[in-house]
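Here's run.pdb, which has PDB, C-alpha atoms:
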```pdb
MODEL        1
ATOM      1  CA  VAL A   1      99.538 106.193 108.419
ATOM      2  CA  GLN A   2     101.030 104.175 105.565
ATOM      3  CA  LEU A   3     101.212 104.573 101.824
ATOM      4  CA  VAL A   4     100.176 101.423  99.989
ATOM      5  CA  GLU A   5     101.286 101.350  96.349
ATOM      6  CA  SER A   6     100.137  98.812  93.790
ATOM      7  CA  GLY A   7      99.439  98.082  90.155
ATOM      8  CA  GLY A   8     102.782  97.994  88.383
ATOM      9  CA  GLY A   9     104.249  95.161  86.377
ATOM     10  CA  VAL A  10     105.073  94.034  82.894
ATOM     11  CA  VAL A  11     102.723  94.706  79.988
ATOM     12  CA  GLN A  12     102.982  94.538  76.213
ATOM     13  CA  ALA A  13     102.931  97.684  74.137
ATOM     14  CA  GLY A  14      99.373  98.815  73.554
ATOM     15  CA  GLY A  15      98.214  97.392  76.850
ATOM     16  CA  SER A  16      96.918  99.053  79.993
ATOM     17  CA  LEU A  17      97.778  99.252  83.659
ATOM     18  CA  ARG A  18      96.213 101.017  86.612
ATOM     19  CA  LEU A  19      98.435 102.237  89.409
ATOM     20  CA  SER A  20      97.118 103.159  92.824
ATOM     21  CA  CYS A  21      98.372 104.759  96.006
ATOM     22  CA  ARG A  22      96.283 104.464  99.144
ATOM     23  CA  ALA A  23      96.735 106.390 102.365
ATOM     24  CA  SER A  24      96.048 103.634 104.845
ATOM     25  CA  GLY A  25      95.030 104.908 108.266
ATOM     26  CA  MET A  26      94.564 108.525 107.205
ATOM     27  CA  ILE A  27      91.498 110.492 108.178
ATOM     28  CA  THR A  28      89.408 111.192 105.100
ATOM     29  CA  SER A  29      89.159 114.921 105.813
ATOM     30  CA  VAL A  30      92.953 115.160 105.842
ATOM     31  CA  PHE A  31      93.334 113.198 102.613
ATOM     32  CA  TRP A  32      90.759 115.425 100.964
ATOM     33  CA  GLN A  33      92.950 118.491 101.493
ATOM     34  CA  ASN A  34      96.010 117.030  99.774
ATOM     35  CA  THR A  35      96.971 117.582  96.167
ATOM     36  CA  PRO A  36      98.386 114.259  94.979
ATOM     37  CA  GLU A  37     100.721 114.108  92.025
ATOM     38  CA  TRP A  38     102.146 111.412  89.784
ATOM     39  CA  TYR A  39     105.677 111.357  88.397
ATOM     40  CA  ARG A  40     107.890 108.876  86.657
ATOM     41  CA  GLN A  41     111.593 108.388  86.328
ATOM     42  CA  VAL A  42     113.793 106.226  84.131
ATOM     43  CA  PRO A  43     117.205 105.105  85.368
ATOM     44  CA  GLY A  44     119.656 107.938  84.991
ATOM     45  CA  GLY A  45     116.922 110.356  83.981
ATOM     46  CA  GLN A  46     115.107 113.229  85.610
ATOM     47  CA  ARG A  47     111.797 112.827  87.350
ATOM     48  CA  GLU A  48     109.019 113.675  84.903
ATOM     49  CA  PHE A  49     105.694 115.201  85.892
ATOM     50  CA  ILE A  50     102.623 113.215  84.857
ATOM     51  CA  ALA A  51      99.567 114.590  86.644
ATOM     52  CA  ARG A  52      98.288 116.642  89.557
ATOM     53  CA  ILE A  53      94.827 116.200  91.122
ATOM     54  CA  SER A  54      93.509 119.055  93.232
ATOM     55  CA  SER A  55      91.077 118.716  96.108
ATOM     56  CA  THR A  56      88.359 119.919  93.736
ATOM     57  CA  ARG A  57      89.397 117.198  91.243
ATOM     58  CA  ASN A  58      90.870 119.683  88.820
ATOM     59  CA  ILE A  59      93.523 117.675  86.958
ATOM     60  CA  GLU A  60      96.634 118.872  85.158
ATOM     61  CA  TYR A  61      98.631 116.574  82.903
ATOM     62  CA  GLY A  62     102.132 116.573  81.569
ATOM     63  CA  ASP A  63     102.536 116.910  77.827
ATOM     64  CA  ASN A  64     103.863 113.408  77.257
ATOM     65  CA  VAL A  65     100.806 111.558  78.553
ATOM     66  CA  GLN A  66      97.898 113.702  77.398
ATOM     67  CA  GLY A  67      95.069 111.568  76.099
ATOM     68  CA  ARG A  68      96.556 108.235  77.205
ATOM     69  CA  PHE A  69      96.770 108.528  80.976
ATOM     70  CA  THR A  70      93.950 109.427  83.353
ATOM     71  CA  ALA A  71      94.538 110.431  86.944
ATOM     72  CA  SER A  72      91.765 110.299  89.516
ATOM     73  CA  ARG A  73      91.116 110.215  93.221
ATOM     74  CA  ASP A  74      88.598 108.485  95.460
ATOM     75  CA  ASN A  75      88.441 110.404  98.714
ATOM     76  CA  SER A  76      86.262 107.797 100.410
ATOM     77  CA  ARG A  77      88.953 105.188  99.737
ATOM     78  CA  LYS A  78      91.779 107.683 100.321
ATOM     79  CA  THR A  79      93.284 106.476  97.081
ATOM     80  CA  VAL A  80      94.664 108.040  93.945
ATOM     81  CA  TYR A  81      94.824 106.226  90.642
ATOM     82  CA  LEU A  82      96.680 106.472  87.384
ATOM     83  CA  GLN A  83      94.999 104.647  84.530
ATOM     84  CA  MET A  84      97.489 104.143  81.728
ATOM     85  CA  ASN A  85      96.263 103.092  78.288
ATOM     86  CA  SER A  86      97.967 102.537  74.941
ATOM     87  CA  LEU A  87     101.245 101.994  76.715
ATOM     88  CA  LYS A  88     104.468 102.381  74.787
ATOM     89  CA  PRO A  89     107.939 101.016  75.514
ATOM     90  CA  GLU A  90     109.054 104.563  76.303
ATOM     91  CA  ASP A  91     106.566 104.582  79.195
ATOM     92  CA  THR A  92     108.834 102.093  80.965
ATOM     93  CA  ALA A  93     109.858 103.765  84.216
ATOM     94  CA  VAL A  94     109.372 103.801  87.950
ATOM     95  CA  TYR A  95     106.186 105.684  88.762
ATOM     96  CA  TYR A  96     105.819 107.695  91.934
ATOM     97  CA  CYS A  97     102.855 109.152  93.727
ATOM     98  CA  ALA A  98     103.579 112.267  95.737
ATOM     99  CA  ASN A  99     101.765 114.336  98.369
ATOM    100  CA  VAL A 100      99.294 111.528  99.134
ATOM    101  CA  LEU A 101     100.311 111.491 102.812
ATOM    102  CA  GLY A 102     100.833 115.250 102.819
ATOM    103  CA  PRO A 103     102.949 117.883 101.078
ATOM    104  CA  GLY A 104     106.406 116.596 100.203
ATOM    105  CA  SER A 105     105.661 112.927 100.802
ATOM    106  CA  TRP A 106     106.780 110.387  98.210
ATOM    107  CA  GLY A 107     106.048 106.769  97.530
ATOM    108  CA  LYS A 108     108.810 104.212  97.087
ATOM    109  CA  GLY A 109     107.935 103.848  93.440
ATOM    110  CA  ILE A 110     105.995 101.408  91.273
ATOM    111  CA  PRO A 111     107.986  99.770  88.454
ATOM    112  CA  VAL A 112     106.307  99.597  85.057
ATOM    113  CA  ASN A 113     107.875  97.713  82.182
ATOM    114  CA  VAL A 114     106.326  97.960  78.709
ATOM    115  CA  SER A 115     107.670  95.405  76.280
ATOM    116  CA  SER A 116     107.671  95.901  72.527
TER     117      SER A 116
ENDMDL
END
```
If you took the structure in this file and wrote it as structure tokens, what would it be?
Amino acid sequence: VQLVESGGGVVQAGGSLRLSCRASGMITSVFWQNTPEWYRQVPGGQREFIARISSTRNIEYGDNVQGRFTASRDNSRKTVYLQMNSLKPEDTAVYYCANVLGPGSWGKGIPVNVSS
């Protein structure tokens, strides 16, 4: 089982990006039970909670991204997504998906750079 991360890059302020984390090789019924989360971290800063997606697709968001970011999951593709709109320079960070491969698992991080 491997975690495949994609979607980061450089974007101008006001633009959009969609991040994804896919559990390659995982049985769908196992993926379905997990509760994936998204976080971000700037250099020298603390990891900041962005979103949590339950197995029933109940979604909780952190205060800083309400209304701009949308988290989702596609169980058939064993993938979680983070759609980020109206990006701001302060959204520049490394974004992490967690718990996709199981509780306590972390991705290597997806760099996002928002230029002003």
Point to revise | Selection result for the PyMOL selection byres ((chain A and resi 37) around 9) on this file, as a list in words | key: Thr35, Pro36, Trp38, Tyr39, Phe49, Ile50, Ala51, Arg52, Ile53, Ser54, Ala71, Val80, Tyr96, Cys97, Ala98, Asn99 and Val100 of chain A
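When atom CA of A:Thr70 is paired with atom CA of A:Leu82, their separation reads 5.7 Å.
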Find the spatial neighbours of A:Leu17, counting all atoms listed in the file, within a cut-off of 12 Å - ignore same-chain residues fewer than 3 positions away - and output them as a CSV table (one decimal) with C-alpha atoms, in the frame of the given file.
```csv
chain,number,residue,atom,x,y,z
A,6,SER,CA,100.1,98.8,93.8
A,7,GLY,CA,99.4,98.1,90.2
A,8,GLY,CA,102.8,98.0,88.4
A,9,GLY,CA,104.2,95.2,86.4
A,10,VAL,CA,105.1,94.0,82.9
A,11,VAL,CA,102.7,94.7,80.0
A,12,GLN,CA,103.0,94.5,76.2
A,13,ALA,CA,102.9,97.7,74.1
A,14,GLY,CA,99.4,98.8,73.6
A,20,SER,CA,97.1,103.2,92.8
A,68,ARG,CA,96.6,108.2,77.2
A,69,PHE,CA,96.8,108.5,81.0
A,70,THR,CA,94.0,109.4,83.4
A,81,TYR,CA,94.8,106.2,90.6
A,82,LEU,CA,96.7,106.5,87.4
A,83,GLN,CA,95.0,104.6,84.5
A,84,MET,CA,97.5,104.1,81.7
A,85,ASN,CA,96.3,103.1,78.3
A,86,SER,CA,98.0,102.5,74.9
A,87,LEU,CA,101.2,102.0,76.7
A,88,LYS,CA,104.5,102.4,74.8
A,91,ASP,CA,106.6,104.6,79.2
A,92,THR,CA,108.8,102.1,81.0
A,95,TYR,CA,106.2,105.7,88.8
A,110,ILE,CA,106.0,101.4,91.3
A,111,PRO,CA,108.0,99.8,88.5
A,112,VAL,CA,106.3,99.6,85.1
A,113,ASN,CA,107.9,97.7,82.2
A,114,VAL,CA,106.3,98.0,78.7
```
Point to revise | Shell of 10 Å around A:Ser29, all atoms listed in the file, local chain residues under 3 positions omitted, as a list in words | key: Met26, Trp32, Gln33, Asn34, Asn75, Ser76 and Lys78 of chain A
Would you compute the box with edges along x, y and z of the file around stretch 63-70 of chain A, including every atom the file lists for it and 3 Å extra on each side, and give its centre and edge lengths in Å to one decimal, as lines of an AutoDock Vina configuration file?
```
center_x = 98.9
center_y = 112.6
center_z = 79.7
size_x = 15.9
size_y = 14.7
size_z = 13.3
```
Point to revise | Minimum-distance residue to A:Cys21, chosen among A:Ser116, A:Thr79, A:Gln66, A:Gln41 (using only C-alpha atoms) | key: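 Result for the nearest residue to A:Cys21: A:Thr79.
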Practice item. Could you check which of A:Leu19, A:Val30, A:Ser55, A:Arg73 is closest to A:Gly102, using all atoms listed in the file? Key: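 For A:Gly102, the nearest of the given residues is A:Val30.
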